[in-house]
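Participant: Below are the structure tokens for one structure; questions will follow.
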Amino acid sequence: MSYKILTKNGIENTNIDGARGEYFNSGMRSGIVKGVLNEGIFSTNASNSVYFDTCELRICGHRILIDDPIYKTFASVPSTNTENSFIAQIIVDDTGDVNFSIIIQSSATELIQEHLYKKLNGSGRYQLEIGRFTIKTDGTICDVVRTAPIITVDLDRINKEVENIKNNIDSLEKNDEKQDEILSFAVLTTQQVLSEAQKSQVRQNIGASATSLQGSYDDIKNQILSELAVSNNNLLINADFQVNQRGQETYVKPSTSGLFYTFDRWCVYSQTAYNSSITKIENGIRISNEVSGMNFFQIVEMDWNLLLNKSVTLSAKINGEVSSITAQLPSIIPTEQNTNFKTLQKNGYAIRIEIRRSNNISYLCAGLYCGGCILDIEYLKLEFGDKATPFNHKTYAEELASCQRYYQNVEGYRVGVCSPRTDNQIRGCMQYITKMRSRPTITQLQLLDMFNLTKSKLESQTEINIAPVFTPRESSALVALGSYTDLILGDILVPNSSDICFALDAEIY
């Protein structure tokens, strides 16, 4: 095994120029650096051997250059098919000396991943799983899959975050200017006698409530500042319906009972069939419902220990009117469903705070009940406290990132590099955009094209049109791409598609 530890150069590991600095520069991720040498291809080169190709590893900031492929051959034969992990390991001793090794262990064995930089000297052990493979009872190797993440720079995300910071700074500067303007106006330099109509107009001009502004300058200033209070966080995701990953302009409830998801995180429920639709409009959505019985709500995923005995307020802007209700949550975790926990009845509809049950788990829900009417909904907001505070729109990027924990569309290229095993079954690993709430249900939206890169000439590459089978996990899925007799061990297959090919659903049903 030929390798070099690039951070083992006399620089102290915990120095900003050493491994700790590299760990920060890598986004505190460990994996294979994209674009270096052969990028760590992990495959078989014989019936009883696996190999790990040249690359640069970053393990807790320590840079290890693999400058020759690493081969592992297995002479012994197990009594049962055994799945193993191919692991890269670093051990840093108390003097800062770094040792690197490759080990093979059962995939059922938990990885050792100590927090090196919580210690002053940066010592400890950290294991990175490069891939997995199975040794069969006849001594052959199959199901070879690389599992180590690829580390790259997400420039689009960085640019979006920079733009968000600029927008936030602009917003704060505008708020400061408005506050200075209001406070200057509020100074009573001359005694004035105003009629009630004039007082009402003054309050409207400065955005104050109907409460009279009375008292000294400090009293008036405090009253105005209370009117400008910072908005509480919204417990609802996609509260103004910006994100619509399922892609339909109009959602029509199927003629069956049960939950039906529409715009991200928002669902419809009914025990009976009815004619209704939910359509995107310029400032929100429009619900058209011909008969009573439609529930439109969001299931809030939150630890009940953070909710018990708390006050929450639900506000909604519907048909141009803002309404709100406040509820005191239970002191113990509820075990019964209560869809009328707190209700505010309006003309043809009601806004509701509910408790619903799913798979024997209780969830706090917020939404509305629609009875035979048309509703234009601009937003809903659920917050802690007994008072509704102003609604603040989040950026699309923020909302999308939150929604992708529950549902995400995945491009074909995320299937990654694949290779055949001994029975010509092709195996790969699809990386999700982000870790999901639970193991998702994966739906194929279109067939996936694959190129065989090991053909001798570009024009003779084989394009394979496949419908994969998945074994999903929370962050990735093992992919089986079918059986093809014209492939051989060592063939390298890559996706030939940047289109959205798969929908991943981990919503609460």
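Scheme for the structure tokens: letters A, B, ... for chains in order shown; per-chain residue numbers from 1; ligand numbers from 1 in order shown.
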Tell me, as a ChimeraX atom specification, which residues lie within 10 Å of Val322 (chain A), counting only C-alpha atoms; anything in the same chain fewer than 4 positions away does not count.

Facilitator: /A:315-318,378-380,388

Participant: Report as a list in words all protein, DNA and RNA residues lying within 7 Å of region 133-147 of chain A, evaluated on only C-alpha atoms, omitting residues in the same chain fewer than 6 positions from it.

Facilitator: Phe42, Ser43, Ser47, Asn48, Val77, Pro78, Ser79, Thr80, Asn81, Thr82, Glu83, Asn84, Ser85, Arg421, Thr422, Arg427, Gly428 and Cys429 of chain A

Participant: I need the residue nearest Leu57 (chain A) from this list: A:Ile151, A:Thr443, A:Ser106, A:Ile70. Use only C-alpha atoms for the distance.

Facilitator: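 Checking each candidate against Leu57 (chain A), we get A:Ile151 as the closest.
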
Participant: Taking only region 51-184 of chain A into account, list the residues labelled strand (DSSP E or B) by DSSP (computed from the backbone), as a ChimeraX atom specification.

Facilitator: /A:51-52,55-59,62-66,70-73,82-92,98-106,113,124-135,141-146,150-151

Participant: At what distance in Å, to one decimal, does CA of Glu398 (chain A) lie from CA of Leu306 (chain A)?

Facilitator: 22.8 Å

Participant: Could you give me, as a compact mmCIF listing (two decimals) with N, CA, C and O atoms, in the first residue's frame, the residues within 8 Å of Gly31 (chain A), counting only C-alpha atoms and dropping anything in the same chain fewer than 4 positions from it?

Facilitator:
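Contents of around_30.txt, freshly written:
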# COMPACT_ATOMS: atom_id res chain seq x y z
N LEU A 57 -7.91 11.43 0.10
CA LEU A 57 -8.89 11.33 1.17
C LEU A 57 -8.73 12.52 2.11
O LEU A 57 -7.62 13.01 2.32
N ARG A 58 -9.84 12.95 2.68
CA ARG A 58 -9.80 13.89 3.80
C ARG A 58 -10.58 13.26 4.95
O ARG A 58 -11.78 13.05 4.84
N ILE A 59 -9.85 12.97 6.01
CA ILE A 59 -10.45 12.33 7.18
C ILE A 59 -10.22 13.25 8.37
O ILE A 59 -9.09 13.39 8.84
N LEU A 128 -13.48 5.95 8.31
CA LEU A 128 -14.32 6.34 7.18
C LEU A 128 -14.59 5.12 6.33
O LEU A 128 -13.65 4.48 5.83
N ALA A 148 -18.39 6.02 0.41
CA ALA A 148 -17.77 7.27 0.89
C ALA A 148 -18.28 8.46 0.10
O ALA A 148 -18.39 8.40 -1.13
N PRO A 149 -18.61 9.56 0.76
CA PRO A 149 -19.10 10.75 0.04
C PRO A 149 -17.98 11.43 -0.74
O PRO A 149 -16.81 11.32 -0.41
N ILE A 150 -18.38 12.14 -1.80
CA ILE A 150 -17.45 12.93 -2.61
C ILE A 150 -17.50 14.37 -2.11
O ILE A 150 -18.57 14.98 -2.03
N ILE A 151 -16.33 14.91 -1.76
CA ILE A 151 -16.26 16.28 -1.23
C ILE A 151 -16.00 17.24 -2.39
O ILE A 151 -15.03 17.12 -3.11

Participant: Residues of region 370-484 of chain A that approach region 280-289 of chain A to 6 Å or less, counting only C-alpha atoms: could you list each one with the shortest pair of atoms and its distance in Å to one decimal, rows by chain and increasing residue number, as a tab-separated table?

Facilitator:
residue	atom	partner	partner_atom	distance
A:Gly372	CA	A:Asn289	CA	5.0
A:Cys373	CA	A:Asn289	CA	5.5
A:Ile374	CA	A:Ser288	CA	4.6
A:Leu375	CA	A:Ile287	CA	5.1
A:Asp376	CA	A:Arg286	CA	4.5
A:Ile377	CA	A:Ile285	CA	5.4
A:Glu378	CA	A:Gly284	CA	4.4

Participant: Go ahead and write the selection's residues with all heavy atoms as a CSV table (one decimal), in the first residue's frame.

Facilitator:
chain,number,residue,atom,x,y,z
A,372,GLY,N,-67.5,24.0,1.5
A,372,GLY,CA,-68.2,24.4,0.3
A,372,GLY,C,-68.0,25.9,0.0
A,372,GLY,O,-68.9,26.7,-0.1
A,373,CYS,N,-66.7,26.3,-0.2
A,373,CYS,CA,-66.4,27.7,-0.5
A,373,CYS,C,-65.1,27.8,-1.3
A,373,CYS,O,-64.5,26.8,-1.6
A,373,CYS,CB,-66.3,28.5,0.8
A,373,CYS,SG,-65.0,27.9,1.9
A,374,ILE,N,-64.8,29.0,-1.7
A,374,ILE,CA,-63.5,29.3,-2.4
A,374,ILE,C,-62.7,30.2,-1.5
A,374,ILE,O,-63.1,31.3,-1.0
A,374,ILE,CB,-63.8,30.0,-3.7
A,374,ILE,CG1,-64.5,29.1,-4.7
A,374,ILE,CG2,-62.4,30.4,-4.4
A,374,ILE,CD1,-64.9,29.7,-6.0
A,375,LEU,N,-61.4,29.8,-1.2
A,375,LEU,CA,-60.6,30.5,-0.3
A,375,LEU,C,-59.3,30.9,-1.0
A,375,LEU,O,-58.6,30.0,-1.6
A,375,LEU,CB,-60.2,29.7,1.0
A,375,LEU,CG,-61.4,29.1,1.8
A,375,LEU,CD1,-60.9,28.3,2.9
A,375,LEU,CD2,-62.3,30.3,2.3
A,376,ASP,N,-58.8,32.1,-0.9
A,376,ASP,CA,-57.5,32.6,-1.3
A,376,ASP,C,-56.6,32.7,-0.1
A,376,ASP,O,-56.9,33.6,0.7
A,376,ASP,CB,-57.6,33.9,-2.1
A,376,ASP,CG,-58.2,33.7,-3.5
A,376,ASP,OD1,-58.4,32.6,-3.9
A,376,ASP,OD2,-58.5,34.8,-4.1
A,377,ILE,N,-55.6,31.8,0.0
A,377,ILE,CA,-54.8,31.8,1.2
A,377,ILE,C,-53.4,32.3,0.9
A,377,ILE,O,-52.7,31.8,0.0
A,377,ILE,CB,-54.7,30.3,1.7
A,377,ILE,CG1,-56.1,29.7,1.9
A,377,ILE,CG2,-53.9,30.3,3.1
A,377,ILE,CD1,-56.1,28.2,2.2
A,378,GLU,N,-53.0,33.3,1.6
A,378,GLU,CA,-51.7,33.9,1.4
A,378,GLU,C,-50.7,33.3,2.3
A,378,GLU,O,-49.5,33.0,1.8
A,378,GLU,CB,-51.7,35.4,1.7
A,378,GLU,CG,-50.4,36.2,1.3
A,378,GLU,CD,-50.6,37.7,1.4
A,378,GLU,OE1,-51.6,38.2,1.1
A,378,GLU,OE2,-49.6,38.3,1.8

Participant: DSSP on the backbone, then: every residue of region 110-159 of chain A marked alpha helix (DSSP H), written as a VMD selection string.

Facilitator: chain A and resid 155 to 159

Participant: From the list A:Leu314, A:Leu116, A:Ile508, A:Ala467, which residue is nearest Asn359 (chain A) when using only C-alpha atoms?

Facilitator: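 That would be A:Ile508, the residue with the smallest distance to Asn359 (chain A).
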
Participant: Within 8 Å of Gly293 (chain A), counting only C-alpha atoms, which residues qualify if same-chain residues fewer than 3 places away don't, as a PyMOL selection string?

Facilitator: chain A and resi 270+272+369-371

Participant: Would you compute the distance between CA of Tyr23 (chain A) and CA of Leu65 (chain A)? Give it in Å to one decimal.

Facilitator: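 Distance reported for this atom pair: 15.7 Å.
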
Participant: Could you check how far CA of Asn168 (chain A) sits from CA of Pro390 (chain A), in Å to one decimal?

Facilitator: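 Between CA of Asn168 (chain A) and CA of Pro390 (chain A) the gap works out to 16.6 Å.
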
Participant: Just want the 10 Å neighbourhood of His62 (chain A), counted on only C-alpha atoms, with same-chain residues fewer than 5 positions away dropped. Output as an NGL selection string.

Facilitator: :A and (5-8 or 13 or 18-23 or 30 or 57 or 90 or 92 or 98 or 100)

Participant: Now that the selection is made, can you save its residues with all heavy atoms as a CSV table (one decimal), in the first residue's frame?

Facilitator:
chain,number,residue,atom,x,y,z
A,5,ILE,N,0.8,11.0,3.9
A,5,ILE,CA,-0.1,11.8,4.7
A,5,ILE,C,0.4,13.3,4.5
A,5,ILE,O,1.4,13.7,5.0
A,5,ILE,CB,0.0,11.4,6.2
A,5,ILE,CG1,-0.4,9.9,6.3
A,5,ILE,CG2,-0.8,12.3,7.1
A,5,ILE,CD1,-0.2,9.4,7.8
A,6,LEU,N,-0.4,14.0,3.8
A,6,LEU,CA,0.0,15.4,3.3
A,6,LEU,C,0.0,16.3,4.5
A,6,LEU,O,0.7,17.4,4.4
A,6,LEU,CB,-0.9,15.9,2.2
A,6,LEU,CG,-0.9,15.0,1.0
A,6,LEU,CD1,-1.8,15.6,-0.1
A,6,LEU,CD2,0.5,14.7,0.4
A,7,THR,N,-0.8,16.1,5.5
A,7,THR,CA,-0.8,17.0,6.7
A,7,THR,C,0.3,16.7,7.7
A,7,THR,O,0.4,17.3,8.7
A,7,THR,CB,-2.2,17.0,7.3
A,7,THR,OG1,-2.6,15.7,7.5
A,7,THR,CG2,-3.2,17.8,6.5
A,8,LYS,N,1.1,15.6,7.4
A,8,LYS,CA,2.1,15.2,8.4
A,8,LYS,C,3.4,15.8,7.9
A,8,LYS,O,4.3,15.2,7.4
A,8,LYS,CB,2.2,13.6,8.3
A,8,LYS,CG,3.0,13.0,9.4
A,8,LYS,CD,2.9,11.5,9.3
A,8,LYS,CE,3.7,10.8,10.4
A,8,LYS,NZ,3.6,9.4,10.4
A,13,ASN,N,-1.2,19.6,14.3
A,13,ASN,CA,-2.5,19.3,13.7
A,13,ASN,C,-3.6,20.2,14.1
A,13,ASN,O,-4.5,20.5,13.3
A,13,ASN,CB,-2.9,17.9,14.2
A,13,ASN,CG,-2.0,16.8,13.6
A,13,ASN,OD1,-1.5,16.9,12.5
A,13,ASN,ND2,-1.7,15.7,14.4
A,18,GLY,N,-3.0,23.5,10.0
A,18,GLY,CA,-2.9,22.0,10.0
A,18,GLY,C,-4.2,21.4,9.7
A,18,GLY,O,-5.1,21.9,9.0
A,19,ALA,N,-4.4,20.2,10.2
A,19,ALA,CA,-5.6,19.4,9.9
A,19,ALA,C,-6.9,20.0,10.4
A,19,ALA,O,-7.9,19.9,9.7
A,19,ALA,CB,-5.5,18.0,10.6
A,20,ARG,N,-6.8,20.7,11.5
A,20,ARG,CA,-8.1,21.4,12.0
A,20,ARG,C,-8.5,22.4,11.0
A,20,ARG,O,-9.7,22.6,10.7
A,20,ARG,CB,-7.9,22.0,13.3
A,20,ARG,CG,-9.1,22.6,14.0
A,20,ARG,CD,-8.9,23.2,15.3
A,20,ARG,NE,-8.0,24.3,15.3
A,20,ARG,CZ,-7.6,25.0,16.3
A,20,ARG,NH1,-8.0,24.6,17.5
A,20,ARG,NH2,-6.8,26.1,16.2
A,21,GLY,N,-7.6,23.2,10.4
A,21,GLY,CA,-8.0,24.2,9.4
A,21,GLY,C,-8.5,23.5,8.1
A,21,GLY,O,-9.5,24.0,7.5
A,22,GLU,N,-7.9,22.4,7.7
A,22,GLU,CA,-8.4,21.7,6.6
A,22,GLU,C,-9.8,21.1,6.8
A,22,GLU,O,-10.6,21.0,5.9
A,22,GLU,CB,-7.4,20.5,6.2
A,22,GLU,CG,-6.1,21.0,5.7
A,22,GLU,CD,-6.2,21.6,4.3
A,22,GLU,OE1,-7.2,21.5,3.7
A,22,GLU,OE2,-5.2,22.3,3.9
A,23,TYR,N,-10.0,20.7,8.1
A,23,TYR,CA,-11.4,20.2,8.4
A,23,TYR,C,-12.4,21.2,8.2
A,23,TYR,O,-13.5,21.0,7.7
A,23,TYR,CB,-11.3,19.7,9.9
A,23,TYR,CG,-12.5,18.9,10.3
A,23,TYR,CD1,-13.1,17.9,9.5
A,23,TYR,CD2,-13.1,19.1,11.6
A,23,TYR,CE1,-14.2,17.2,9.9
A,23,TYR,CE2,-14.2,18.3,12.0
A,23,TYR,CZ,-14.7,17.4,11.2
A,23,TYR,OH,-15.8,16.7,11.6
A,30,SER,N,-15.8,14.4,5.9
A,30,SER,CA,-14.8,13.5,5.6
A,30,SER,C,-15.2,12.7,4.3
A,30,SER,O,-16.4,12.4,4.2
A,30,SER,CB,-14.5,12.5,6.7
A,30,SER,OG,-14.0,13.2,7.9
A,57,LEU,N,-7.9,11.4,0.1
A,57,LEU,CA,-8.9,11.3,1.2
A,57,LEU,C,-8.7,12.5,2.1
A,57,LEU,O,-7.6,13.0,2.3
A,57,LEU,CB,-8.7,10.0,2.0
A,57,LEU,CG,-9.0,8.7,1.2
A,57,LEU,CD1,-8.6,7.5,2.1
A,57,LEU,CD2,-10.4,8.6,0.8
A,90,ILE,N,-7.6,6.6,10.5
A,90,ILE,CA,-6.5,7.3,11.1
A,90,ILE,C,-6.5,7.3,12.6
A,90,ILE,O,-7.6,7.2,13.2
A,90,ILE,CB,-6.5,8.8,10.6
A,90,ILE,CG1,-7.7,9.6,11.1
A,90,ILE,CG2,-6.3,9.0,9.1
A,90,ILE,CD1,-7.6,11.1,11.0
A,92,VAL,N,-4.5,9.3,15.7
A,92,VAL,CA,-3.6,10.4,16.1
A,92,VAL,C,-3.3,10.2,17.6
A,92,VAL,O,-4.2,10.2,18.4
A,92,VAL,CB,-4.3,11.8,15.9
A,92,VAL,CG1,-3.3,12.9,16.2
A,92,VAL,CG2,-4.8,11.9,14.4
A,98,VAL,N,0.5,11.0,13.2
A,98,VAL,CA,-0.7,10.4,12.5
A,98,VAL,C,-0.3,9.1,11.9
A,98,VAL,O,0.7,9.0,11.2
A,98,VAL,CB,-1.2,11.4,11.4
A,98,VAL,CG1,-2.4,10.9,10.8
A,98,VAL,CG2,-1.3,12.8,12.0
A,100,PHE,N,-2.0,6.0,9.4
A,100,PHE,CA,-3.1,5.6,8.5
A,100,PHE,C,-3.1,4.2,8.1
A,100,PHE,O,-2.0,3.6,8.0
A,100,PHE,CB,-3.0,6.5,7.2
A,100,PHE,CG,-3.9,6.1,6.1
A,100,PHE,CD1,-5.3,6.4,6.2
A,100,PHE,CD2,-3.5,5.3,5.0
A,100,PHE,CE1,-6.1,6.1,5.2
A,100,PHE,CE2,-4.4,4.9,4.0
A,100,PHE,CZ,-5.7,5.3,4.1

Participant: I want to know what sits within 8 Å of Leu259 (chain A), based on only C-alpha atoms, with residues of the same chain fewer than 5 positions away left out; could you give that as a ChimeraX atom specification?

Facilitator: /A:267-270,509
